[in-house]
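Have a look at run-v4.tsv below; it lists TSV, C-alpha atoms and all ligand atoms.
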```tsv
chain	number	residue	atom	x	y	z
A	213	MET	CA	-32.65	-20.89	-12.71
A	214	LEU	CA	-31.08	-24.30	-12.79
A	215	SER	CA	-33.32	-27.21	-13.50
A	216	GLU	CA	-33.71	-29.58	-10.61
A	217	MET	CA	-31.66	-32.47	-11.85
A	218	ARG	CA	-28.93	-30.54	-13.57
A	219	GLN	CA	-25.72	-31.95	-12.26
A	220	LEU	CA	-22.48	-31.26	-13.96
A	221	SER	CA	-19.74	-33.74	-13.40
A	222	SER	CA	-16.16	-34.09	-14.49
A	223	GLU	CA	-17.32	-36.51	-17.22
A	224	ASN	CA	-19.30	-33.72	-18.85
A	225	ILE	CA	-16.30	-31.46	-18.84
A	226	GLY	CA	-14.03	-34.15	-20.26
A	227	VAL	CA	-15.77	-34.02	-23.65
A	228	THR	CA	-15.18	-30.30	-24.16
A	229	ILE	CA	-13.54	-29.72	-27.54
A	230	MET	CA	-10.42	-27.58	-27.44
A	231	ARG	CA	-8.77	-26.15	-30.50
A	232	CYS	CA	-4.99	-26.04	-30.67
A	233	PRO	CA	-3.91	-22.38	-30.55
A	234	TYR	CA	-0.98	-23.09	-32.89
A	235	CYS	CA	-2.46	-25.11	-35.75
A	236	GLY	CA	-6.22	-25.04	-35.08
A	237	GLN	CA	-6.65	-28.79	-34.95
A	238	VAL	CA	-9.03	-30.24	-32.38
A	239	LYS	CA	-7.29	-33.51	-31.61
A	240	ASP	CA	-5.17	-33.39	-28.52
A	241	LYS	CA	-4.05	-35.43	-25.62
A	242	VAL	CA	-4.57	-34.38	-22.01
A	243	LEU	CA	-1.28	-34.62	-20.12
A	244	ASP	CA	-2.41	-33.35	-16.76
A	245	SER	CA	-5.63	-32.16	-15.11
A	246	ARG	CA	-5.90	-30.10	-12.02
A	247	GLU	CA	-9.08	-29.00	-10.37
A	248	ARG	CA	-9.05	-25.79	-8.41
A	249	ARG	CA	-9.84	-26.40	-4.77
A	250	ASP	CA	-13.36	-25.03	-5.02
A	251	GLY	CA	-14.05	-27.24	-8.04
A	252	THR	CA	-15.11	-24.41	-10.34
A	253	VAL	CA	-12.14	-24.39	-12.69
A	254	ILE	CA	-10.19	-27.26	-14.23
A	255	ARG	CA	-6.76	-26.60	-15.62
A	256	ARG	CA	-5.58	-29.03	-18.26
A	257	ARG	CA	-2.17	-29.34	-19.85
A	258	ARG	CA	-2.62	-30.59	-23.39
A	259	ALA	CA	-0.47	-31.73	-26.29
A	260	CYS	CA	-1.72	-31.24	-29.84
A	261	LEU	CA	-1.68	-34.52	-31.77
A	262	SER	CA	-1.14	-32.69	-35.02
A	263	CYS	CA	1.70	-30.22	-34.34
A	264	GLN	CA	2.85	-31.70	-31.00
A	265	LYS	CA	2.89	-28.30	-29.33
A	266	ARG	CA	1.71	-28.01	-25.79
A	267	PHE	CA	-0.89	-25.63	-24.39
A	268	THR	CA	-2.96	-25.11	-21.28
A	269	THR	CA	-6.71	-24.72	-21.02
A	270	TYR	CA	-8.84	-23.50	-18.17
A	271	GLU	CA	-12.32	-24.93	-18.15
A	272	GLN	CA	-14.92	-23.13	-16.16
A	273	ILE	CA	-17.83	-25.08	-14.78
A	274	GLU	CA	-21.02	-23.25	-15.57
A	275	GLY	CA	-23.51	-22.71	-12.82
A	276	LEU	CA	-23.47	-24.48	-9.52
A	277	SER	CA	-23.66	-28.22	-9.32
A	278	ILE	CA	-23.99	-28.15	-5.57
A	279	MET	CA	-27.29	-28.83	-3.89
A	280	VAL	CA	-29.00	-28.11	-0.62
A	281	VAL	CA	-31.20	-30.87	0.81
A	282	LYS	CA	-34.24	-29.41	2.47
A	283	LYS	CA	-36.18	-30.79	5.43
A	284	ASP	CA	-38.71	-32.54	3.19
A	285	ASN	CA	-35.81	-34.05	1.16
A	286	ARG	CA	-36.39	-31.80	-1.81
A	287	ARG	CA	-33.19	-30.47	-3.29
A	288	GLU	CA	-32.51	-27.02	-4.52
A	289	PRO	CA	-29.37	-25.43	-5.94
A	290	PHE	CA	-27.19	-23.71	-3.40
A	291	ASP	CA	-28.08	-20.04	-3.56
A	292	ARG	CA	-25.42	-17.86	-2.02
A	293	ASN	CA	-27.53	-14.73	-2.39
A	294	LYS	CA	-30.30	-16.26	-0.35
A	295	ILE	CA	-27.92	-17.09	2.49
A	296	LEU	CA	-26.22	-13.74	2.27
A	297	GLY	CA	-29.62	-12.02	2.27
A	298	GLY	CA	-30.61	-13.80	5.49
A	299	LEU	CA	-27.31	-12.83	7.09
A	300	ILE	CA	-27.59	-9.19	6.05
A	301	LYS	CA	-31.08	-9.05	7.51
A	302	SER	CA	-29.92	-10.57	10.82
A	303	CYS	CA	-26.94	-8.22	10.97
A	304	ASN	CA	-28.89	-5.06	10.13
A	305	LYS	CA	-27.33	-2.08	11.95
A	306	ARG	CA	-24.87	-4.33	13.71
A	307	PRO	CA	-21.13	-3.66	13.55
A	308	ILE	CA	-20.44	-6.49	11.11
A	309	SER	CA	-18.86	-5.83	7.75
A	310	MET	CA	-20.15	-7.24	4.48
A	311	GLN	CA	-16.70	-8.70	4.03
A	312	ILE	CA	-17.13	-10.99	7.02
A	313	LEU	CA	-20.53	-12.17	5.81
A	314	GLU	CA	-19.32	-12.75	2.28
A	315	GLN	CA	-16.32	-14.64	3.56
A	316	PHE	CA	-18.60	-16.86	5.59
A	317	VAL	CA	-20.76	-17.63	2.56
A	318	ASP	CA	-17.61	-18.33	0.52
A	319	GLU	CA	-16.42	-20.78	3.16
A	320	THR	CA	-19.78	-22.52	3.25
A	321	GLU	CA	-19.80	-22.78	-0.53
A	322	GLN	CA	-16.25	-24.09	-0.47
A	323	GLU	CA	-17.11	-26.73	2.09
A	324	LEU	CA	-20.08	-27.79	0.02
A	325	SER	CA	-18.09	-28.20	-3.16
A	326	ASP	CA	-15.49	-30.31	-1.35
A	327	ARG	CA	-18.09	-32.82	-0.26
A	328	PRO	CA	-18.72	-36.06	-2.06
A	329	GLY	CA	-22.06	-35.67	-3.82
A	330	ARG	CA	-21.88	-31.95	-3.19
A	331	GLU	CA	-24.83	-31.89	-0.89
A	332	LEU	CA	-25.44	-30.16	2.38
A	333	SER	CA	-28.67	-30.16	4.33
A	334	SER	CA	-30.42	-26.88	4.99
A	335	LYS	CA	-30.22	-27.84	8.67
A	336	GLU	CA	-26.43	-27.99	8.55
A	337	ILE	CA	-26.31	-24.62	6.86
A	338	GLY	CA	-28.63	-23.18	9.51
A	339	GLU	CA	-26.48	-24.60	12.31
A	340	ARG	CA	-23.35	-23.21	10.71
A	341	ILE	CA	-24.85	-19.75	10.47
A	342	MET	CA	-26.05	-19.90	14.08
A	343	LYS	CA	-22.63	-20.91	15.32
A	344	MET	CA	-20.93	-18.16	13.31
A	345	LEU	CA	-23.34	-15.48	14.52
A	346	TYR	CA	-23.13	-16.73	18.09
A	347	ASP	CA	-19.41	-16.03	18.07
A	348	LEU	CA	-19.82	-12.76	16.21
A	349	ASP	CA	-22.74	-10.80	17.57
A	350	GLU	CA	-25.44	-11.75	20.06
A	351	VAL	CA	-28.16	-9.56	18.58
A	352	ALA	CA	-27.63	-10.94	15.09
A	353	TYR	CA	-27.60	-14.42	16.56
A	354	VAL	CA	-30.92	-13.97	18.35
A	355	ARG	CA	-32.53	-12.47	15.26
A	356	PHE	CA	-31.39	-15.31	13.06
A	357	ALA	CA	-32.22	-18.01	15.60
A	358	SER	CA	-35.75	-16.71	16.10
A	359	VAL	CA	-36.43	-16.92	12.36
A	360	TYR	CA	-34.55	-20.14	11.80
A	361	ARG	CA	-36.17	-22.03	14.65
A	362	GLN	CA	-39.55	-20.47	13.97
A	363	PHE	CA	-40.28	-20.54	17.70
A	364	LYS	CA	-41.10	-24.23	17.50
A	365	ASP	CA	-38.51	-24.79	20.14
A	366	ILE	CA	-39.32	-21.86	22.36
A	367	ASN	CA	-37.95	-23.32	25.59
A	368	GLN	CA	-34.60	-24.11	24.11
A	369	PHE	CA	-34.53	-20.74	22.44
A	370	MET	CA	-35.32	-18.95	25.71
A	371	ASP	CA	-32.61	-20.93	27.48
A	372	GLU	CA	-30.10	-19.86	24.89
A	373	LEU	CA	-31.25	-16.28	25.10
A	374	LYS	CA	-30.97	-16.35	28.88
A	375	ARG	CA	-27.49	-17.80	28.71
A	376	LEU	CA	-26.46	-15.07	26.29
A	377	LEU	CA	-27.86	-12.34	28.49
A	378	GLU	CA	-26.06	-13.78	31.50
A	379	GLN	CA	-22.82	-13.80	29.62
A	380	LYS	CA	-23.23	-10.22	28.52
A	381	PRO	CA	-24.22	-8.02	31.46
A	382	GLU	CA	-25.10	-5.09	29.21
A	383	PRO	CA	-27.00	-6.43	26.25
A	384	ASP	CA	-27.41	-4.07	23.36
A	385	GLN	CA	-31.07	-3.19	23.23
A	386	GLN	CA	-31.17	-1.18	20.06
A	387	THR	CA	-32.64	-2.84	17.01
A	401	ZN	ZN	-1.49	-28.04	-33.03
```
Go ahead and render the structure in this file as C-alpha cells.
Ligand SMILES: [Zn+2]
Amino acid sequence: MLSEMRQLSSENIGVTIMRCPYCGQVKDKVLDSRERRDGTVIRRRRACLSCQKRFTTYEQIEGLSIMVVKKDNRREPFDRNKILGGLIKSCNKRPISMQILEQFVDETEQELSDRPGRELSSKEIGERIMKMLYDLDEVAYVRFASVYRQFKDINQFMDELKRLLEQKPEPDQQT
C-alpha cells in the first residue's frame, strides 16, 4: 500500500546513482533523457566522466504516482485492479472479453499519467466507464450505472434505461 502523500517526481529519479558498466565509476553525465509515454520508464543516455564511454540506462518508476480524487476530496492511489474488478462484475456473463476491459483500464491509466499533477476525479473515471459500457453492452452499462449512481438519481437513471430499451427492441433479459 502506498502512503497517502507518496509522490514520485522526475527530481527523485534524477538522483539515482548509476555505475558505469565499463569501469565501474559512478560519475557520469546525462546526455539525453526520454520518458516513455506512460511515464513509467525513463531512458537516459549517459557518458562516463572517467572512461568517457557511453551507455544507456532505463529507470523504472516504482509504484504509481497517480492519484484519484474522491468526492470528499480525499486522494487515493489509482488502483487498476479495483476498476477492473468493477468492470468484470458489471460484465459478468456478457460477451465482453477480458482483453477489452484490460485495454480500457490501460487507456484510463495512460490518460491519468499524461495529466499535469496526475490526478483524475473518481467522477471522471465513473463517467468514462459508463460511456465505454454504454457503447459496448447495455446490460453491463445498466449494472454499472445502478451501482455507480447508487439510485440517488433514479429519474435520470430510469430515463436512460428507457432510452436504451427503446433503442434495443429485444433487450437481453438474462442476468
Ligand atoms: Zn566508465
Practice prompt. Scan for residues within 12 Å of the point (-1.2, -32.3, -28.2) in the coordinates of the file, using only C-alpha atoms, and reply as a ChimeraX atom specification.
Written response: /A:230-244,256-269
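Of the listed residues (A:Leu377, A:Ile300, A:Met310, A:Ile337), A:Ile337 comes nearest to A:Val280; the distances count all atoms listed in the file.
When all atoms listed in the file are used to compute distances to A:Leu348, the closest of the residues A:Arg306, A:Arg330, A:Lys374, A:Arg255 turns out to be A:Arg306.
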Practice prompt. Quick one: residues within 12 Å of (-23.8, -13.0, 6.0) (file frame), counting all atoms listed in the file, please, as a PyMOL selection string.
Written response: chain A and resi 292-304+306+308-320+337-338+340-342+344-345+348-349+352-353+356
Item to complete: Between atom CA of A:Glu350 and atom CA of A:Ser334, measure the distance and give it in Å to one decimal.
Response: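 Atom CA of A:Ser334 lies 21.9 Å from atom CA of A:Glu350.
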